[in-house]
Structure formats: structure tokens, C-alpha cells
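Everything below belongs to target.cif, which stores mmCIF, C-alpha atoms.
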data_query
loop_
_atom_site.group_PDB
_atom_site.id
_atom_site.type_symbol
_atom_site.label_atom_id
_atom_site.label_comp_id
_atom_site.auth_asym_id
_atom_site.auth_seq_id
_atom_site.Cartn_x
_atom_site.Cartn_y
_atom_site.Cartn_z
ATOM 1 C CA GLY A 1 0.000 0.000 0.000
ATOM 2 C CA ASP A 2 0.928 3.666 -0.010
ATOM 3 C CA GLU A 3 3.573 4.657 2.508
ATOM 4 C CA ALA A 4 2.398 7.226 5.035
ATOM 5 C CA VAL A 5 4.465 10.414 4.913
ATOM 6 C CA ASP A 6 6.161 11.292 8.204
ATOM 7 C CA SER A 7 5.817 15.064 8.455
ATOM 8 C CA SER A 8 8.914 15.263 10.611
ATOM 9 C CA LYS A 9 11.019 13.947 7.721
ATOM 10 C CA TYR A 10 10.141 16.464 5.010
ATOM 11 C CA THR A 11 10.873 20.154 4.691
ATOM 12 C CA VAL A 12 9.208 22.927 2.742
ATOM 13 C CA THR A 13 11.014 26.041 1.587
ATOM 14 C CA TYR A 14 9.521 28.999 -0.228
ATOM 15 C CA GLU A 15 11.003 31.339 -2.812
ATOM 16 C CA SER A 16 9.861 34.485 -4.633
ATOM 17 C CA SER A 17 11.046 35.027 -8.188
ATOM 18 C CA ASP A 18 11.015 38.800 -7.602
ATOM 19 C CA LYS A 19 11.387 40.089 -4.064
ATOM 20 C CA SER A 20 10.631 43.629 -5.191
ATOM 21 C CA VAL A 21 7.071 42.452 -5.892
ATOM 22 C CA PHE A 22 6.479 39.714 -3.287
ATOM 23 C CA THR A 23 8.311 38.459 -0.248
ATOM 24 C CA VAL A 24 7.551 35.104 1.352
ATOM 25 C CA ASP A 25 8.581 33.942 4.808
ATOM 26 C CA GLU A 26 9.540 30.507 6.056
ATOM 27 C CA ASN A 27 5.907 29.694 6.809
ATOM 28 C CA GLY A 28 4.695 30.571 3.300
ATOM 29 C CA LEU A 29 3.194 33.953 4.230
ATOM 30 C CA VAL A 30 3.283 36.080 1.072
ATOM 31 C CA THR A 31 3.471 39.877 1.302
ATOM 32 C CA ALA A 32 2.982 42.226 -1.638
ATOM 33 C CA VAL A 33 5.628 44.972 -1.557
ATOM 34 C CA GLY A 34 5.490 46.379 -5.089
ATOM 35 C CA THR A 35 3.606 46.224 -8.369
ATOM 36 C CA GLY A 36 4.259 43.600 -11.029
ATOM 37 C CA ASN A 37 4.271 39.834 -11.501
ATOM 38 C CA ALA A 38 6.178 37.107 -9.686
ATOM 39 C CA ASP A 39 6.089 33.377 -9.057
ATOM 40 C CA ILE A 40 6.003 31.920 -5.555
ATOM 41 C CA LYS A 41 7.678 28.521 -5.481
ATOM 42 C CA ALA A 42 7.308 25.860 -2.805
ATOM 43 C CA VAL A 43 10.025 23.206 -2.705
ATOM 44 C CA ILE A 44 9.100 20.062 -0.758
ATOM 45 C CA SER A 45 12.037 17.806 0.126
ATOM 46 C CA TYR A 46 11.334 14.284 1.336
ATOM 47 C CA LYS A 47 14.078 11.715 1.668
ATOM 48 C CA ALA A 48 15.978 11.901 -1.640
ATOM 49 C CA ALA A 49 13.112 13.402 -3.601
ATOM 50 C CA GLN A 50 12.055 16.970 -4.243
ATOM 51 C CA PHE A 51 8.678 18.221 -5.375
ATOM 52 C CA VAL A 52 8.243 21.738 -6.703
ATOM 53 C CA ARG A 53 5.018 23.657 -7.018
ATOM 54 C CA SER A 54 4.623 27.287 -8.039
ATOM 55 C CA VAL A 55 1.862 29.845 -8.357
ATOM 56 C CA ALA A 56 1.867 33.033 -10.429
ATOM 57 C CA LEU A 57 0.701 36.174 -8.631
ATOM 58 C CA GLU A 58 0.219 39.782 -9.674
ATOM 59 C CA VAL A 59 0.079 43.049 -7.772
ATOM 60 C CA THR A 60 -1.751 45.997 -9.330
ATOM 61 C CA GLU A 61 -1.639 49.509 -7.970
ATOM 62 C CA PRO A 62 -4.920 51.076 -6.804
ATOM 63 C CA GLU A 63 -6.050 53.775 -9.213
ATOM 64 C CA ILE A 64 -8.232 56.855 -9.156
ATOM 65 C CA SER A 65 -10.064 58.023 -12.278
ATOM 66 C CA ARG A 66 -11.188 61.531 -13.093
ATOM 67 C CA TYR A 67 -13.678 61.896 -15.930
ATOM 68 C CA LEU A 68 -13.080 64.635 -18.477
ATOM 69 C CA SER A 69 -16.804 65.376 -18.493
ATOM 70 C CA ASP A 70 -16.421 66.458 -14.839
ATOM 71 C CA MET A 71 -13.519 68.778 -15.670
ATOM 72 C CA GLN A 72 -13.432 72.232 -17.225
ATOM 73 C CA TYR A 73 -11.744 72.127 -20.611
ATOM 74 C CA LYS A 74 -8.999 74.638 -21.428
ATOM 75 C CA THR A 75 -9.987 74.999 -25.093
ATOM 76 C CA ALA A 76 -12.701 73.391 -27.200
ATOM 77 C CA SER A 77 -13.402 73.384 -30.932
ATOM 78 C CA ILE A 78 -16.350 71.334 -32.197
ATOM 79 C CA GLY A 79 -16.891 70.709 -35.909
ATOM 80 C CA TYR A 80 -20.671 71.012 -35.769
ATOM 81 C CA GLY A 81 -23.145 71.720 -32.997
ATOM 82 C CA ASN A 82 -22.201 71.715 -29.318
ATOM 83 C CA LEU A 83 -20.009 69.664 -27.041
ATOM 84 C CA GLY A 84 -22.067 66.920 -25.427
ATOM 85 C CA ILE A 85 -21.323 66.319 -21.738
ATOM 86 C CA ASP A 86 -22.337 62.780 -20.725
ATOM 87 C CA MET A 87 -24.850 62.722 -23.589
ATOM 88 C CA ASP A 88 -25.045 62.744 -27.352
ATOM 89 C CA SER A 89 -26.587 65.441 -29.559
ATOM 90 C CA GLU A 90 -30.057 63.953 -28.987
ATOM 91 C CA GLY A 91 -29.806 63.979 -25.178
ATOM 92 C CA ASN A 92 -29.251 60.221 -24.932
ATOM 93 C CA LYS A 93 -26.397 58.294 -23.384
ATOM 94 C CA ILE A 94 -23.316 57.994 -25.542
ATOM 95 C CA HIS A 95 -23.741 54.668 -27.292
ATOM 96 C CA PHE A 96 -22.026 52.669 -30.006
ATOM 97 C CA ARG A 97 -23.371 50.070 -32.381
ATOM 98 C CA ASN A 98 -20.074 48.244 -31.742
ATOM 99 C CA ASN A 99 -20.265 45.785 -34.596
ATOM 100 C CA GLY A 100 -23.594 44.407 -33.367
ATOM 101 C CA ASN A 101 -22.716 44.345 -29.641
ATOM 102 C CA ALA A 102 -24.186 47.677 -28.565
ATOM 103 C CA VAL A 103 -22.627 49.453 -25.583
ATOM 104 C CA SER A 104 -23.565 52.684 -23.790
ATOM 105 C CA PHE A 105 -21.852 54.916 -21.237
ATOM 106 C CA GLU A 106 -23.029 57.025 -18.312
ATOM 107 C CA LYS A 107 -19.990 59.293 -18.721
ATOM 108 C CA GLY A 108 -18.256 60.679 -21.776
ATOM 109 C CA LEU A 109 -17.972 63.378 -24.428
ATOM 110 C CA PHE A 110 -19.797 63.857 -27.720
ATOM 111 C CA THR A 111 -17.609 65.814 -30.150
ATOM 112 C CA HIS A 112 -18.752 66.003 -33.761
ATOM 113 C CA ALA A 113 -15.602 65.870 -35.927
ATOM 114 C CA ALA A 114 -13.506 67.702 -36.690
ATOM 115 C CA SER A 115 -13.015 68.549 -33.022
ATOM 116 C CA THR A 116 -10.247 69.334 -30.557
ATOM 117 C CA LEU A 117 -10.422 69.466 -26.768
ATOM 118 C CA GLU A 118 -7.596 70.454 -24.432
ATOM 119 C CA TYR A 119 -7.429 69.888 -20.671
ATOM 120 C CA ASP A 120 -4.946 71.288 -18.178
ATOM 121 C CA ILE A 121 -3.864 68.238 -16.143
ATOM 122 C CA GLU A 122 -0.686 69.674 -14.653
ATOM 123 C CA GLY A 123 -0.251 68.524 -11.055
ATOM 124 C CA LEU A 124 -2.866 65.762 -11.318
ATOM 125 C CA TYR A 125 -0.233 62.988 -11.621
ATOM 126 C CA ALA A 126 -2.110 61.421 -14.539
ATOM 127 C CA LYS A 127 -0.400 58.274 -15.763
ATOM 128 C CA ALA A 128 -2.842 57.294 -18.532
ATOM 129 C CA PHE A 129 -5.777 58.432 -20.622
ATOM 130 C CA ARG A 130 -8.539 55.893 -21.167
ATOM 131 C CA ALA A 131 -11.727 55.934 -23.211
ATOM 132 C CA THR A 132 -13.877 53.887 -25.566
ATOM 133 C CA VAL A 133 -14.194 55.675 -28.892
ATOM 134 C CA GLY A 134 -16.312 55.368 -32.004
ATOM 135 C CA ILE A 135 -19.182 56.877 -33.966
ATOM 136 C CA ASN A 136 -22.186 57.469 -31.749
ATOM 137 C CA ASP A 137 -25.186 55.493 -32.992
ATOM 138 C CA SER A 138 -27.401 58.559 -33.308
ATOM 139 C CA LYS A 139 -30.901 58.022 -34.702
ATOM 140 C CA GLY A 140 -30.694 60.837 -37.219
ATOM 141 C CA LEU A 141 -27.578 59.684 -39.067
ATOM 142 C CA SER A 142 -27.963 59.314 -42.827
ATOM 143 C CA GLY A 143 -24.580 57.607 -43.186
ATOM 144 C CA ASP A 144 -21.911 55.827 -41.157
ATOM 145 C CA GLY A 145 -19.289 58.570 -40.742
ATOM 146 C CA ASN A 146 -15.552 57.947 -40.503
ATOM 147 C CA VAL A 147 -13.299 59.408 -37.819
ATOM 148 C CA ILE A 148 -9.705 59.049 -36.630
ATOM 149 C CA PHE A 149 -9.277 59.585 -32.874
ATOM 150 C CA ARG A 150 -5.984 61.045 -31.647
ATOM 151 C CA VAL A 151 -4.432 61.599 -28.210
ATOM 152 C CA TYR A 152 -1.692 64.160 -27.530
ATOM 153 C CA ALA A 153 0.387 65.097 -24.492
ATOM 154 C CA ASP A 154 1.980 68.557 -24.561
ATOM 155 C CA GLY A 155 1.676 68.667 -28.345
ATOM 156 C CA THR A 156 3.137 65.217 -29.051
ATOM 157 C CA GLU A 157 0.833 62.647 -30.623
ATOM 158 C CA LEU A 158 0.784 59.493 -28.522
ATOM 159 C CA TYR A 159 -1.856 57.415 -30.285
ATOM 160 C CA ALA A 160 -4.157 57.445 -33.304
ATOM 161 C CA THR A 161 -6.855 54.959 -34.234
ATOM 162 C CA SER A 162 -7.566 53.805 -37.735
ATOM 163 C CA GLY A 163 -10.655 55.281 -39.368
ATOM 164 C CA LEU A 164 -13.744 54.169 -37.407
ATOM 165 C CA ASN A 165 -17.296 54.252 -38.751
ATOM 166 C CA ARG A 166 -20.671 53.577 -37.152
ATOM 167 C CA ASN A 167 -20.442 49.842 -37.882
ATOM 168 C CA SER A 168 -16.887 49.463 -36.557
ATOM 169 C CA ALA A 169 -16.147 47.854 -33.228
ATOM 170 C CA ALA A 170 -15.677 50.590 -30.645
ATOM 171 C CA GLU A 171 -12.004 50.886 -29.718
ATOM 172 C CA GLU A 172 -10.823 50.914 -26.111
ATOM 173 C CA LEU A 173 -7.951 53.320 -25.547
ATOM 174 C CA ASN A 174 -5.399 52.990 -22.762
ATOM 175 C CA VAL A 175 -2.718 55.540 -23.575
ATOM 176 C CA PRO A 176 0.186 55.992 -21.116
ATOM 177 C CA LEU A 177 0.963 59.645 -20.433
ATOM 178 C CA PRO A 178 4.484 60.943 -19.894
ATOM 179 C CA GLU A 179 5.269 61.986 -16.337
ATOM 180 C CA ASN A 180 4.411 65.611 -15.585
ATOM 181 C CA THR A 181 2.177 66.028 -18.639
ATOM 182 C CA LYS A 182 0.649 69.508 -18.579
ATOM 183 C CA ILE A 183 -1.838 69.569 -21.476
ATOM 184 C CA LEU A 184 -3.902 66.598 -22.626
ATOM 185 C CA LYS A 185 -5.393 67.077 -26.091
ATOM 186 C CA ILE A 186 -7.932 64.756 -27.680
ATOM 187 C CA VAL A 187 -8.806 65.137 -31.344
ATOM 188 C CA ALA A 188 -11.482 63.622 -33.582
ATOM 189 C CA ASP A 189 -10.443 64.064 -37.219
ATOM 190 C CA SER A 190 -12.850 63.571 -40.093
ATOM 191 C CA ASN A 191 -11.466 60.817 -42.306
ATOM 192 C CA GLY A 192 -12.943 62.302 -45.478
ATOM 193 C CA SER A 193 -16.229 64.182 -45.394
ATOM 194 C CA MET A 194 -17.390 65.410 -41.969
ATOM 195 C CA ASP A 195 -20.954 64.270 -42.700
ATOM 196 C CA ASN A 196 -22.303 61.969 -39.968
ATOM 197 C CA ASP A 197 -19.018 62.154 -38.018
ATOM 198 C CA HIS A 198 -20.725 61.881 -34.621
ATOM 199 C CA ALA A 199 -17.501 61.200 -32.749
ATOM 200 C CA ALA A 200 -17.821 60.178 -29.098
ATOM 201 C CA TRP A 201 -15.491 59.338 -26.227
ATOM 202 C CA GLY A 202 -17.180 56.941 -23.799
ATOM 203 C CA ASP A 203 -15.870 57.040 -20.214
ATOM 204 C CA ALA A 204 -13.106 59.475 -21.220
ATOM 205 C CA ARG A 205 -10.901 59.845 -18.157
ATOM 206 C CA ILE A 206 -7.429 60.371 -16.797
ATOM 207 C CA VAL A 207 -6.058 57.823 -14.369
ATOM 208 C CA ALA A 208 -3.609 58.342 -11.505
ATOM 209 C CA SER A 209 -2.228 55.918 -8.958
ATOM 210 C CA ALA A 210 -4.003 56.262 -5.630
ATOM 211 C CA LYS A 211 -0.775 57.091 -3.780
ATOM 212 C CA ASN A 212 0.029 59.910 -6.209
ATOM 213 C CA ALA A 213 -3.525 61.233 -6.221
ATOM 214 C CA ALA A 214 -3.203 61.659 -2.449
ATOM 215 C CA ARG A 215 -0.327 64.089 -3.105
ATOM 216 C CA ILE A 216 -2.483 66.550 -5.065
ATOM 217 C CA GLU A 217 -2.239 69.839 -3.200
ATOM 218 C CA SER A 218 -4.766 71.858 -5.191
ATOM 219 C CA ILE A 219 -7.325 71.449 -7.942
ATOM 220 C CA ASN A 220 -8.604 74.317 -10.032
ATOM 221 C CA ALA A 221 -12.345 74.862 -10.074
ATOM 222 C CA GLY A 222 -14.270 76.357 -12.942
ATOM 223 C CA ALA A 223 -17.865 77.239 -13.713
ATOM 224 C CA GLY A 224 -19.695 76.695 -16.966
ATOM 225 C CA LYS A 225 -20.949 80.300 -16.748
ATOM 226 C CA SER A 226 -19.614 83.113 -14.579
ATOM 227 C CA VAL A 227 -22.678 85.390 -14.873
ATOM 228 C CA LEU A 228 -26.152 83.978 -14.326
ATOM 229 C CA ASN A 229 -29.690 85.285 -14.358
ATOM 230 C CA ILE A 230 -32.084 84.448 -11.540
ATOM 231 C CA GLY A 231 -33.271 80.873 -11.971
ATOM 232 C CA GLU A 232 -30.342 79.792 -14.180
ATOM 233 C CA ASP A 233 -28.053 76.868 -13.319
ATOM 234 C CA THR A 234 -24.395 76.172 -14.004
ATOM 235 C CA ASN A 235 -21.955 73.363 -13.247
ATOM 236 C CA ILE A 236 -18.865 73.685 -11.064
ATOM 237 C CA SER A 237 -16.007 71.379 -12.074
#

Output the file's structure as C-alpha cells, nothing else.
Amino acid sequence: GDEAVDSSKYTVTYESSDKSVFTVDENGLVTAVGTGNADIKAVISYKAAQFVRSVALEVTEPEISRYLSDMQYKTASIGYGNLGIDMDSEGNKIHFRNNGNAVSFEKGLFTHAASTLEYDIEGLYAKAFRATVGINDSKGLSGDGNVIFRVYADGTELYATSGLNRNSAAEELNVPLPENTKILKIVADSNGSMDNDHAAWGDARIVASAKNAARIESINAGAGKSVLNIGEDTNIS
């Protein structure tokens, strides 16, 4: 029959493939100390034999997102109509046909191409810009449109999509931003005629690590209008 294993005659040791990400003590207690990936290996020695088992682990850094639709833009140029804040030109949620798998967003920007928006993000420790982009599936469109979406940091283009139309799959952007970026610029370029170029940026946001976001000493506030009549409303961002 099977031989019973005498626990006093085997040993277990533990190793981390990257101690800057995980440490592991003699009892197998794993502690995350940094971000990244590492393998934790357990080596079991019994008599003349060794058995090795390993597990892959990952540490991700907590993040804080700030939506562009909650921020005051520095400059804005819209090809036709008005900038849509968290809605399209018809007052609906930003939504994409997405190649037959429709998606919609509570947050975002509607920017009929050709359009350019700039945001002052100096001091916000933004490490990435993220959004889902495409042609908004507006009811009144007579065609499919075609738009190239571009992302810039301090005047340098970081990313550009291919031409997207209403039937294209919406594209998810995750664009790393250089450290200490001051001006984020997002552009929707008409790829041909501007007809039906209902460009939209679903969940457009900047992302900072939680530890860096805690270092923010001040945030500028702005109002949509500085002079109001009695009964009028405005947004503070």
C-alpha cells in the first residue's frame, strides 16, 4: 500500500522570483511589496526526492479616475453643434453600435468631428488616458461617418486609431501619459467628409495611482458660466 508520509522527515522552503514584488517567509506567508508579476515557489524535500510547485501572482496599484466630463476644458473646438457632456446630440447616453454588440456609457464626451479638446492636467499625476471611442449610434444619421481619434500630451501625438465608422467595433484606448504632462489634447479628425461624423469618447478619463492622487495639493475649479440670471443653473467642475 501507499507509505504514510512522516511530516517530521520532510521540509518545505519557499522562494519568490522577484522580491521587489512579493516576499515570502519561512511559513509561506506572502506579502505584496510592489507592483508587477512574480512566481512563488514551494520546494518540498522528502528523503531523496524533491517536489516543486509554483503559483503566479500579480500586484496591481490602486487607481483613481477623473472623468473629463467632470472637468473644465482649457480649449474646445467642435466641428458642428455643441459639445455633449455625458450625452449625445439627442440627449441620450453615448452609445455605439459596436459591430452588433451595442454598448452605452453614463460618462463621456460627444464631439462632432472635426473637433479638438484640451485639458490642463498639470499637477494631477495622470499616468494614462482611457476611453472607448467610435461613432455614436445617433438616430438621425444618414450615413456611417468615418473618424480618426488622436491623443496628444503637450503637443506630441501618442496614439491614433484607424478610421472608425458607425459599424466598426468601438475601440478601447489605454494611452500611457508621460510623467508631468501639462496639457492633454484629444482630437477627432474627419477621415474624409465630416458628414455623420458623430464622434464620441465613452468614459473618457485620466487615471492616476491612488498614492500619487493623495499628493495633489490643489485642484482648479471652474464654472460653466460666470454670470447667471435668476433661476439659471451652471456646473462647477

On this structure, the PyMOL selection byres ((chain A and resi 65) around 8) would catch which residues? List them as an MDAnalysis selection string, sorted by chain and number.
chainID A and resid 63:64 66:67 205:208

How would you write, as a PDB file with C-alpha atoms, in the frame of the given file, the residues chosen by the PyMOL selection byres ((chain A and resi 190) around 10) on this structure?
ATOM      1  CA  GLY A  79     -16.891  70.709 -35.909  1.00  0.00           C
ATOM      2  CA  HIS A 112     -18.752  66.003 -33.761  1.00  0.00           C
ATOM      3  CA  ALA A 113     -15.602  65.870 -35.927  1.00  0.00           C
ATOM      4  CA  ALA A 114     -13.506  67.702 -36.690  1.00  0.00           C
ATOM      5  CA  SER A 115     -13.015  68.549 -33.022  1.00  0.00           C
ATOM      6  CA  GLY A 145     -19.289  58.570 -40.742  1.00  0.00           C
ATOM      7  CA  ASN A 146     -15.552  57.947 -40.503  1.00  0.00           C
ATOM      8  CA  VAL A 147     -13.299  59.408 -37.819  1.00  0.00           C
ATOM      9  CA  ILE A 148      -9.705  59.049 -36.630  1.00  0.00           C
ATOM     10  CA  PHE A 149      -9.277  59.585 -32.874  1.00  0.00           C
ATOM     11  CA  GLY A 163     -10.655  55.281 -39.368  1.00  0.00           C
ATOM     12  CA  LEU A 164     -13.744  54.169 -37.407  1.00  0.00           C
ATOM     13  CA  VAL A 187      -8.806  65.137 -31.344  1.00  0.00           C
ATOM     14  CA  ALA A 188     -11.482  63.622 -33.582  1.00  0.00           C
ATOM     15  CA  ASP A 189     -10.443  64.064 -37.219  1.00  0.00           C
ATOM     16  CA  ASN A 191     -11.466  60.817 -42.306  1.00  0.00           C
ATOM     17  CA  GLY A 192     -12.943  62.302 -45.478  1.00  0.00           C
ATOM     18  CA  SER A 193     -16.229  64.182 -45.394  1.00  0.00           C
ATOM     19  CA  MET A 194     -17.390  65.410 -41.969  1.00  0.00           C
ATOM     20  CA  ASP A 195     -20.954  64.270 -42.700  1.00  0.00           C
ATOM     21  CA  ASN A 196     -22.303  61.969 -39.968  1.00  0.00           C
ATOM     22  CA  ASP A 197     -19.018  62.154 -38.018  1.00  0.00           C
ATOM     23  CA  HIS A 198     -20.725  61.881 -34.621  1.00  0.00           C
ATOM     24  CA  ALA A 199     -17.501  61.200 -32.749  1.00  0.00           C
TER      25      ALA A 199
END

Tell me which protein, DNA and RNA residues are within 6 Å of Arg150 of chain A, counting only C-alpha atoms, leaving out same-chain ones fewer than 5 positions away, and put them as a VMD selection string.
chain A and resid 159 to 160 186 to 187

Ref. answer, residues at most 7 Å from (11.1, 17.5, 3.9) with all atoms listed in the file, as a PDB file with C-alpha atoms, in the frame of the given file:
ATOM      1  CA  LYS A   9      11.019  13.947   7.721  1.00  0.00           C
ATOM      2  CA  TYR A  10      10.141  16.464   5.010  1.00  0.00           C
ATOM      3  CA  THR A  11      10.873  20.154   4.691  1.00  0.00           C
ATOM      4  CA  VAL A  12       9.208  22.927   2.742  1.00  0.00           C
ATOM      5  CA  ILE A  44       9.100  20.062  -0.758  1.00  0.00           C
ATOM      6  CA  SER A  45      12.037  17.806   0.126  1.00  0.00           C
ATOM      7  CA  TYR A  46      11.334  14.284   1.336  1.00  0.00           C
ATOM      8  CA  LYS A  47      14.078  11.715   1.668  1.00  0.00           C
TER       9      LYS A  47
END

Given the PyMOL selection byres ((chain A and resi 62) around 6), the residues it picks as a ChimeraX atom specification:
/A:61,63,209-210

Given the selection you just returned, output its residues as a file containing C-alpha atoms, formatted as a PDB file, in the coordinates of the input.
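Result saved to again.pdb:
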ATOM      1  CA  GLU A  61      -1.639  49.509  -7.970  1.00  0.00           C
ATOM      2  CA  GLU A  63      -6.050  53.775  -9.213  1.00  0.00           C
ATOM      3  CA  SER A 209      -2.228  55.918  -8.958  1.00  0.00           C
ATOM      4  CA  ALA A 210      -4.003  56.262  -5.630  1.00  0.00           C
TER       5      ALA A 210
END

Separation of atom CA of Asn167 of chain A and atom CA of Trp201 of chain A, in Å?
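Atom-to-atom, atom CA of Asn167 of chain A and atom CA of Trp201 of chain A are spaced 15.8 Å apart.
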
Quick one: of A:Glu172, A:Asp39, A:Glu58, A:Asp203, who's nearest to Met87 of chain A, counting only C-alpha atoms?
A:Asp203

Correct to one decimal, the distance atom CA of Ile135 of chain A-atom CA of Thr181 of chain A is 27.8 Å

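Using all atoms listed in the file, the shortest contact distance between Lys139 of chain A and any of A:Tyr119, A:Lys107, A:Leu177, A:Arg97 is found at A:Arg97.
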
May I ask you to restore all heavy atoms in segment 146-155 of chain A and write the result as a CSV table (one decimal), in the frame of the given file?
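Saved to result_34.csv:
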chain,number,residue,atom,x,y,z
A,146,ASN,N,-16.9,58.6,-40.6
A,146,ASN,CA,-15.6,57.9,-40.5
A,146,ASN,C,-14.6,58.9,-39.8
A,146,ASN,O,-14.4,60.0,-40.3
A,146,ASN,CB,-15.0,57.6,-41.9
A,146,ASN,CG,-13.9,56.6,-41.9
A,146,ASN,OD1,-12.9,56.8,-41.2
A,146,ASN,ND2,-14.2,55.4,-42.5
A,147,VAL,N,-14.1,58.5,-38.7
A,147,VAL,CA,-13.3,59.4,-37.8
A,147,VAL,C,-12.0,58.7,-37.3
A,147,VAL,O,-12.0,57.5,-37.0
A,147,VAL,CB,-14.1,59.9,-36.6
A,147,VAL,CG1,-13.3,60.6,-35.6
A,147,VAL,CG2,-15.3,60.7,-37.1
A,148,ILE,N,-10.9,59.5,-37.3
A,148,ILE,CA,-9.7,59.0,-36.6
A,148,ILE,C,-9.6,59.8,-35.3
A,148,ILE,O,-9.7,61.0,-35.2
A,148,ILE,CB,-8.5,59.4,-37.5
A,148,ILE,CG1,-8.6,58.6,-38.8
A,148,ILE,CG2,-7.2,59.0,-36.8
A,148,ILE,CD1,-7.5,59.0,-39.8
A,149,PHE,N,-9.4,59.0,-34.2
A,149,PHE,CA,-9.3,59.6,-32.9
A,149,PHE,C,-7.8,59.7,-32.5
A,149,PHE,O,-7.1,58.7,-32.6
A,149,PHE,CB,-10.0,58.7,-31.9
A,149,PHE,CG,-11.5,58.7,-32.1
A,149,PHE,CD1,-12.1,57.9,-33.0
A,149,PHE,CD2,-12.4,59.5,-31.4
A,149,PHE,CE1,-13.5,57.8,-33.3
A,149,PHE,CE2,-13.7,59.5,-31.6
A,149,PHE,CZ,-14.3,58.7,-32.6
A,150,ARG,N,-7.4,60.8,-32.0
A,150,ARG,CA,-6.0,61.0,-31.6
A,150,ARG,C,-5.8,61.6,-30.2
A,150,ARG,O,-6.7,62.3,-29.7
A,150,ARG,CB,-5.4,62.1,-32.6
A,150,ARG,CG,-5.5,61.7,-34.1
A,150,ARG,CD,-4.9,62.8,-35.0
A,150,ARG,NE,-5.2,62.6,-36.4
A,150,ARG,CZ,-4.6,61.8,-37.2
A,150,ARG,NH1,-3.5,61.1,-36.8
A,150,ARG,NH2,-4.9,61.7,-38.5
A,151,VAL,N,-4.7,61.2,-29.6
A,151,VAL,CA,-4.4,61.6,-28.2
A,151,VAL,C,-3.0,62.2,-28.2
A,151,VAL,O,-2.1,61.6,-28.7
A,151,VAL,CB,-4.5,60.4,-27.2
A,151,VAL,CG1,-4.2,60.9,-25.8
A,151,VAL,CG2,-5.8,59.7,-27.3
A,152,TYR,N,-3.0,63.4,-27.6
A,152,TYR,CA,-1.7,64.2,-27.5
A,152,TYR,C,-1.4,64.5,-26.1
A,152,TYR,O,-2.3,64.7,-25.3
A,152,TYR,CB,-1.8,65.5,-28.3
A,152,TYR,CG,-2.0,65.4,-29.8
A,152,TYR,CD1,-3.2,65.1,-30.3
A,152,TYR,CD2,-0.9,65.6,-30.7
A,152,TYR,CE1,-3.5,65.0,-31.7
A,152,TYR,CE2,-1.1,65.5,-32.0
A,152,TYR,CZ,-2.4,65.2,-32.5
A,152,TYR,OH,-2.6,65.1,-33.9
A,153,ALA,N,-0.1,64.6,-25.8
A,153,ALA,CA,0.4,65.1,-24.5
A,153,ALA,C,1.4,66.2,-24.8
A,153,ALA,O,2.4,65.9,-25.4
A,153,ALA,CB,1.0,64.0,-23.7
A,154,ASP,N,1.1,67.4,-24.3
A,154,ASP,CA,2.0,68.6,-24.6
A,154,ASP,C,2.4,68.7,-26.0
A,154,ASP,O,3.6,68.9,-26.3
A,154,ASP,CB,3.2,68.5,-23.6
A,154,ASP,CG,2.8,68.6,-22.2
A,154,ASP,OD1,1.8,69.3,-21.9
A,154,ASP,OD2,3.5,68.0,-21.3
A,155,GLY,N,1.4,68.5,-26.9
A,155,GLY,CA,1.7,68.7,-28.3
A,155,GLY,C,2.2,67.5,-29.1
A,155,GLY,O,2.3,67.5,-30.3
